[in-house]
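Visitor: TSV, C-alpha atoms, file model_10.tsv:
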chain	number	residue	atom	x	y	z
Q	1	MET	CA	-18.94	-22.36	15.89
Q	2	TYR	CA	-19.38	-25.88	17.29
Q	3	LYS	CA	-20.97	-26.96	14.04
Q	4	LYS	CA	-17.87	-25.93	12.09
Q	5	ILE	CA	-15.58	-27.75	14.50
Q	6	LEU	CA	-17.74	-30.86	14.33
Q	7	ILE	CA	-17.66	-30.79	10.51
Q	8	MET	CA	-13.86	-30.37	10.53
Q	9	VAL	CA	-13.46	-33.27	12.96
Q	10	MET	CA	-15.71	-35.47	10.84
Q	11	CYS	CA	-13.77	-34.60	7.68
Q	12	PHE	CA	-10.48	-35.35	9.42
Q	13	PHE	CA	-11.81	-38.67	10.72
Q	14	THR	CA	-13.04	-39.56	7.23
Q	15	LEU	CA	-9.60	-38.91	5.77
Q	16	LEU	CA	-7.96	-41.03	8.46
Q	17	THR	CA	-10.28	-43.97	7.93
Q	18	THR	CA	-10.25	-44.04	4.13
Q	19	GLY	CA	-7.45	-45.83	2.40
Q	20	CYS	CA	-4.71	-44.34	0.35
Q	21	SER	CA	-2.85	-46.37	-2.21
Q	22	THR	CA	0.78	-46.56	-3.25
Q	23	LEU	CA	2.53	-48.34	-6.10
Q	24	SER	CA	3.15	-51.19	-3.65
Q	25	THR	CA	-0.60	-51.42	-3.01
Q	26	ALA	CA	-1.23	-51.71	-6.73
Q	27	ARG	CA	1.51	-54.34	-7.11
Q	28	GLU	CA	0.17	-56.37	-4.18
Q	29	ALA	CA	-3.28	-56.41	-5.79
Q	30	LYS	CA	-2.02	-58.71	-8.56
Q	31	GLY	CA	-4.75	-61.16	-9.41
Q	32	SER	CA	-7.56	-58.69	-8.81
Q	33	GLY	CA	-7.22	-56.53	-11.92
Q	34	MET	CA	-8.82	-56.57	-15.35
Q	35	THR	CA	-7.23	-59.11	-17.68
Q	36	HIS	CA	-7.11	-59.91	-21.34
Q	37	VAL	CA	-5.40	-62.77	-23.15
Q	38	TYR	CA	-3.79	-62.09	-26.52
Q	39	ASN	CA	-2.92	-64.66	-29.16
Q	40	LYS	CA	0.53	-63.12	-29.52
Q	41	ASN	CA	3.96	-64.00	-28.17
Q	42	TYR	CA	5.34	-62.43	-25.01
Q	43	ASN	CA	7.79	-60.04	-26.71
Q	44	THR	CA	5.13	-58.59	-29.01
Q	45	VAL	CA	2.68	-58.07	-26.15
Q	46	TRP	CA	5.35	-56.64	-23.84
Q	47	MET	CA	6.48	-54.05	-26.36
Q	48	ALA	CA	2.90	-53.04	-27.17
Q	49	THR	CA	1.95	-52.83	-23.48
Q	50	ASP	CA	4.97	-50.72	-22.55
Q	51	ASP	CA	4.23	-48.39	-25.47
Q	52	VAL	CA	0.52	-48.05	-24.59
Q	53	VAL	CA	1.28	-47.22	-20.95
Q	54	ARG	CA	3.80	-44.53	-21.92
Q	55	ARG	CA	1.59	-43.02	-24.64
Q	56	ALA	CA	-1.36	-42.84	-22.23
Q	57	GLY	CA	0.52	-40.17	-20.32
Q	58	LEU	CA	1.33	-42.21	-17.23
Q	59	ASN	CA	4.66	-41.66	-15.52
Q	60	VAL	CA	6.44	-45.03	-15.72
Q	61	VAL	CA	8.29	-45.58	-12.45
Q	62	SER	CA	9.65	-49.03	-13.35
Q	63	SER	CA	9.47	-51.37	-16.31
Q	64	ASP	CA	10.90	-54.87	-15.88
Q	65	LYS	CA	10.48	-57.15	-18.89
Q	66	ILE	CA	11.93	-60.18	-17.10
Q	67	LYS	CA	9.42	-59.89	-14.22
Q	68	GLY	CA	6.69	-58.84	-16.65
Q	69	GLU	CA	5.82	-55.82	-14.54
Q	70	ILE	CA	5.25	-52.14	-15.27
Q	71	LEU	CA	4.56	-49.73	-12.42
Q	72	ALA	CA	3.22	-46.30	-13.33
Q	73	GLU	CA	1.41	-43.39	-11.78
Q	74	SER	CA	-0.58	-40.36	-12.77
Q	75	GLY	CA	-0.14	-37.13	-10.93
Q	76	ILE	CA	-2.60	-34.83	-9.28
Q	77	GLY	CA	-4.98	-33.21	-11.74
Q	78	ALA	CA	-7.97	-30.92	-11.68
Q	79	PHE	CA	-10.34	-33.77	-10.79
Q	80	SER	CA	-8.05	-36.39	-9.25
Q	81	TYR	CA	-5.44	-36.88	-6.57
Q	82	GLY	CA	-3.72	-39.33	-8.92
Q	83	GLU	CA	-3.71	-43.06	-9.56
Q	84	ASN	CA	-1.25	-45.92	-9.15
Q	85	VAL	CA	-1.17	-48.51	-11.92
Q	86	ALA	CA	0.47	-51.93	-11.98
Q	87	VAL	CA	0.60	-53.89	-15.23
Q	88	PHE	CA	1.49	-57.58	-15.32
Q	89	VAL	CA	2.40	-59.37	-18.55
Q	90	THR	CA	2.50	-63.16	-18.30
Q	91	GLU	CA	3.34	-65.74	-20.94
Q	92	LEU	CA	0.88	-68.62	-20.73
Q	93	ASP	CA	2.43	-72.09	-20.62
Q	94	LYS	CA	2.61	-74.18	-23.77
Q	95	THR	CA	0.61	-71.71	-25.85
Q	96	PRO	CA	1.50	-68.73	-28.00
Q	97	GLN	CA	-0.72	-66.63	-25.74
Q	98	THR	CA	0.11	-63.81	-23.35
Q	99	LYS	CA	-2.05	-62.45	-20.52
Q	100	VAL	CA	-2.08	-58.79	-19.53
Q	101	GLU	CA	-3.51	-57.76	-16.16
Q	102	ILE	CA	-3.96	-54.13	-15.18
Q	103	VAL	CA	-4.57	-52.99	-11.61
Q	104	SER	CA	-5.55	-49.34	-11.18
Q	105	LYS	CA	-5.78	-47.89	-7.68
Q	106	ARG	CA	-6.84	-44.38	-6.71
Q	107	VAL	CA	-4.31	-42.57	-4.53
Q	108	LEU	CA	-7.21	-41.48	-2.34
Q	109	ALA	CA	-9.99	-44.05	-2.12
Q	110	THR	CA	-12.72	-41.41	-1.83
Q	111	ASN	CA	-11.70	-39.79	-5.12
Q	112	VAL	CA	-14.64	-40.78	-7.31
Q	113	THR	CA	-13.44	-38.73	-10.30
Q	114	ALA	CA	-10.20	-40.69	-10.75
Q	115	LYS	CA	-9.59	-42.35	-14.14
Q	116	ASP	CA	-10.13	-46.05	-14.62
Q	117	TRP	CA	-6.80	-46.75	-16.28
Q	118	ASP	CA	-7.44	-50.48	-16.59
Q	119	GLU	CA	-10.27	-50.12	-19.10
Q	120	LEU	CA	-8.54	-47.35	-21.03
Q	121	LEU	CA	-5.21	-49.17	-21.33
Q	122	LEU	CA	-6.78	-52.49	-22.30
Q	123	ARG	CA	-8.90	-50.77	-24.95
Q	124	HIS	CA	-5.79	-49.16	-26.48
Q	125	LEU	CA	-3.87	-52.42	-26.21
Q	126	ASP	CA	-6.70	-54.31	-27.92
Q	127	GLY	CA	-6.53	-51.85	-30.81
Q	128	LYS	CA	-2.78	-52.19	-31.08
Q	129	LEU	CA	-2.64	-56.00	-30.95
Q	130	ARG	CA	-5.64	-56.92	-33.12
Before we go any further, please render this structure as C-alpha coordinates.
Guide:
Amino acid sequence: MYKKILIMVMCFFTLLTTGCSTLSTAREAKGSGMTHVYNKNYNTVWMATDDVVRRAGLNVVSSDKIKGEILAESGIGAFSYGENVAVFVTELDKTPQTKVEIVSKRVLATNVTAKDWDELLLRHLDGKLR
(Lines of atoms letter the chains of each structure in order from A and count residues from 1; the text may use other names and numbers.)
(Lines give C-alpha, C1' and ligand atoms only; values in the text may rest on other atoms or scores of the structure.)
Protein backbone atom coordinates (compact mmCIF):
# COMPACT_ATOMS: atom_id res chain seq x y z
CA MET A 1 0.00 0.00 0.00
CA TYR A 2 2.75 2.46 0.95
CA LYS A 3 4.66 1.50 -2.15
CA LYS A 4 1.73 2.51 -4.37
CA ILE A 5 1.33 5.82 -2.57
CA LEU A 6 5.05 6.51 -2.86
CA ILE A 7 4.96 5.77 -6.60
CA MET A 8 1.95 8.07 -7.06
CA VAL A 9 3.66 10.86 -5.12
CA MET A 10 6.82 10.47 -7.19
CA CYS A 11 4.83 10.56 -10.44
CA PHE A 12 2.98 13.67 -9.29
CA PHE A 13 6.24 15.36 -8.29
CA THR A 14 7.76 14.47 -11.66
CA LEU A 15 4.84 16.07 -13.49
CA LEU A 16 5.12 19.20 -11.37
CA THR A 17 8.83 19.60 -11.96
CA THR A 18 8.88 18.93 -15.70
CA GLY A 19 8.12 21.77 -18.03
CA CYS A 20 5.13 22.17 -20.22
CA SER A 21 5.22 24.38 -23.27
CA THR A 22 2.74 26.78 -24.82
CA LEU A 23 2.74 28.67 -28.10
CA SER A 24 4.26 31.59 -26.17
CA THR A 25 7.11 29.32 -25.05
CA ALA A 26 7.79 28.37 -28.66
CA ARG A 27 7.65 32.02 -29.77
CA GLU A 28 10.01 33.11 -26.99
CA ALA A 29 12.53 30.47 -28.09
CA LYS A 30 13.23 32.41 -31.29
CA GLY A 31 16.91 32.12 -32.09
CA SER A 32 17.20 28.57 -30.77
CA GLY A 33 15.47 26.68 -33.57
CA MET A 34 16.67 24.95 -36.71
CA THR A 35 17.30 27.37 -39.57
CA HIS A 36 17.80 27.30 -43.29
CA VAL A 37 18.56 30.14 -45.68
CA TYR A 38 16.95 30.09 -49.12
CA ASN A 39 18.12 31.99 -52.19
CA LYS A 40 14.57 33.18 -52.81
CA ASN A 41 12.72 36.40 -52.09
CA TYR A 42 10.61 36.85 -48.96
CA ASN A 43 7.20 36.50 -50.65
CA THR A 44 8.11 33.21 -52.33
CA VAL A 45 9.50 31.73 -49.12
CA TRP A 46 6.58 33.00 -47.02
CA MET A 47 3.97 31.44 -49.30
CA ALA A 48 5.85 28.14 -49.46
CA THR A 49 6.37 28.06 -45.68
CA ASP A 50 2.73 28.81 -44.89
CA ASP A 51 1.66 26.10 -47.34
CA VAL A 52 4.08 23.50 -45.92
CA VAL A 53 2.94 24.13 -42.33
CA ARG A 54 -0.74 23.77 -43.27
CA ARG A 55 -0.19 20.66 -45.43
CA ALA A 56 1.79 19.00 -42.63
CA GLY A 57 -1.42 18.77 -40.65
CA LEU A 58 -0.60 21.36 -38.01
CA ASN A 59 -3.39 23.58 -36.72
CA VAL A 60 -2.32 27.12 -37.63
CA VAL A 61 -3.29 29.42 -34.76
CA SER A 62 -1.86 32.59 -36.30
CA SER A 63 -0.09 33.55 -39.50
CA ASP A 64 1.32 37.08 -39.75
CA LYS A 65 3.21 37.81 -42.95
CA ILE A 66 4.27 41.29 -41.81
CA LYS A 67 5.86 39.93 -38.60
CA GLY A 68 7.11 36.87 -40.46
CA GLU A 69 5.62 34.55 -37.86
CA ILE A 70 3.48 31.43 -37.99
CA LEU A 71 2.28 29.80 -34.77
CA ALA A 72 0.86 26.30 -35.01
CA GLU A 73 0.13 23.31 -32.84
CA SER A 74 -0.54 19.63 -33.12
CA GLY A 75 -3.11 18.00 -30.93
CA ILE A 76 -2.95 15.02 -28.66
CA GLY A 77 -2.35 11.79 -30.52
CA ALA A 78 -1.79 8.14 -29.74
CA PHE A 79 1.88 8.71 -28.92
CA SER A 80 2.05 12.42 -28.09
CA TYR A 81 0.50 15.07 -25.89
CA GLY A 82 0.99 17.51 -28.76
CA GLU A 83 3.57 20.02 -29.90
CA ASN A 84 3.79 23.80 -30.24
CA VAL A 85 5.55 25.13 -33.31
CA ALA A 86 6.75 28.66 -34.07
CA VAL A 87 8.04 29.50 -37.54
CA PHE A 88 9.96 32.69 -38.25
CA VAL A 89 10.57 33.95 -41.80
CA THR A 90 13.13 36.74 -42.08
CA GLU A 91 14.33 38.61 -45.14
CA LEU A 92 18.10 39.01 -44.99
CA ASP A 93 19.40 42.54 -45.57
CA LYS A 94 20.74 43.53 -48.97
CA THR A 95 20.47 40.01 -50.39
CA PRO A 96 17.76 38.10 -52.22
CA GLN A 97 17.90 35.54 -49.40
CA THR A 98 15.33 34.59 -46.79
CA LYS A 99 15.91 32.70 -43.54
CA VAL A 100 13.39 30.30 -42.05
CA GLU A 101 13.68 29.25 -38.41
CA ILE A 102 11.47 26.57 -36.89
CA VAL A 103 11.10 26.04 -33.15
CA SER A 104 9.27 22.89 -32.10
CA LYS A 105 8.41 22.39 -28.43
CA ARG A 106 6.72 19.38 -26.85
CA VAL A 107 3.63 20.25 -24.82
CA LEU A 108 4.95 17.93 -22.12
CA ALA A 109 8.74 17.89 -21.87
CA THR A 110 8.86 14.23 -20.84
CA ASN A 111 7.02 13.14 -23.99
CA VAL A 112 9.83 11.41 -25.86
CA THR A 113 7.56 10.20 -28.69
CA ALA A 114 6.59 13.70 -29.85
CA LYS A 115 7.32 14.62 -33.48
CA ASP A 116 10.29 16.78 -34.38
CA TRP A 117 8.40 19.21 -36.57
CA ASP A 118 11.45 21.35 -37.30
CA GLU A 119 13.24 18.68 -39.31
CA LEU A 120 10.08 17.52 -41.07
CA LEU A 121 8.95 21.02 -42.07
CA LEU A 122 12.40 22.10 -43.26
CA ARG A 123 12.74 18.93 -45.33
CA HIS A 124 9.40 19.62 -47.04
CA LEU A 125 10.28 23.27 -47.49
CA ASP A 126 13.64 22.35 -49.04
CA GLY A 127 11.82 20.17 -51.55
CA LYS A 128 9.36 22.91 -52.39
CA LEU A 129 11.91 25.72 -52.80
CA ARG A 130 14.71 23.90 -54.64
Visitor: Select, from Q:Ser104, Q:Ser32, Q:Arg130, Q:His124, the residue with the minimum atom-to-atom distance to Asp50 in chain Q, counting only C-alpha atoms.
Guide: Q:His124
Visitor: Which of these, Q:Val52, Q:Val85, Q:Leu58, Q:Leu92, has the shortest distance to Thr25 in chain Q once you count all atoms listed in the file?
Guide: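 Going through Q:Val52, Q:Val85, Q:Leu58, Q:Leu92 one by one, the smallest distance to Thr25 in chain Q is for Q:Val85.
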Visitor: Between CA of Val100 in chain Q and CA of Trp46 in chain Q, what is the distance in Å, rounded to a tenth?
Guide: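 Interatomic distance, CA of Val100 in chain Q to CA of Trp46 in chain Q: 8.9 Å.
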Visitor: CA of Gly33 in chain Q and CA of Val103 in chain Q are how many Å apart?
Guide: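 About the pair CA of Gly33 in chain Q and CA of Val103 in chain Q: they are 4.4 Å apart.
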Visitor: With only C-alpha atoms as the basis for distance, which of Q:His36, Q:Lys105, Q:Lys94, Q:Arg54 is at the shortest distance from Leu122 in chain Q?
Guide: Q:His36
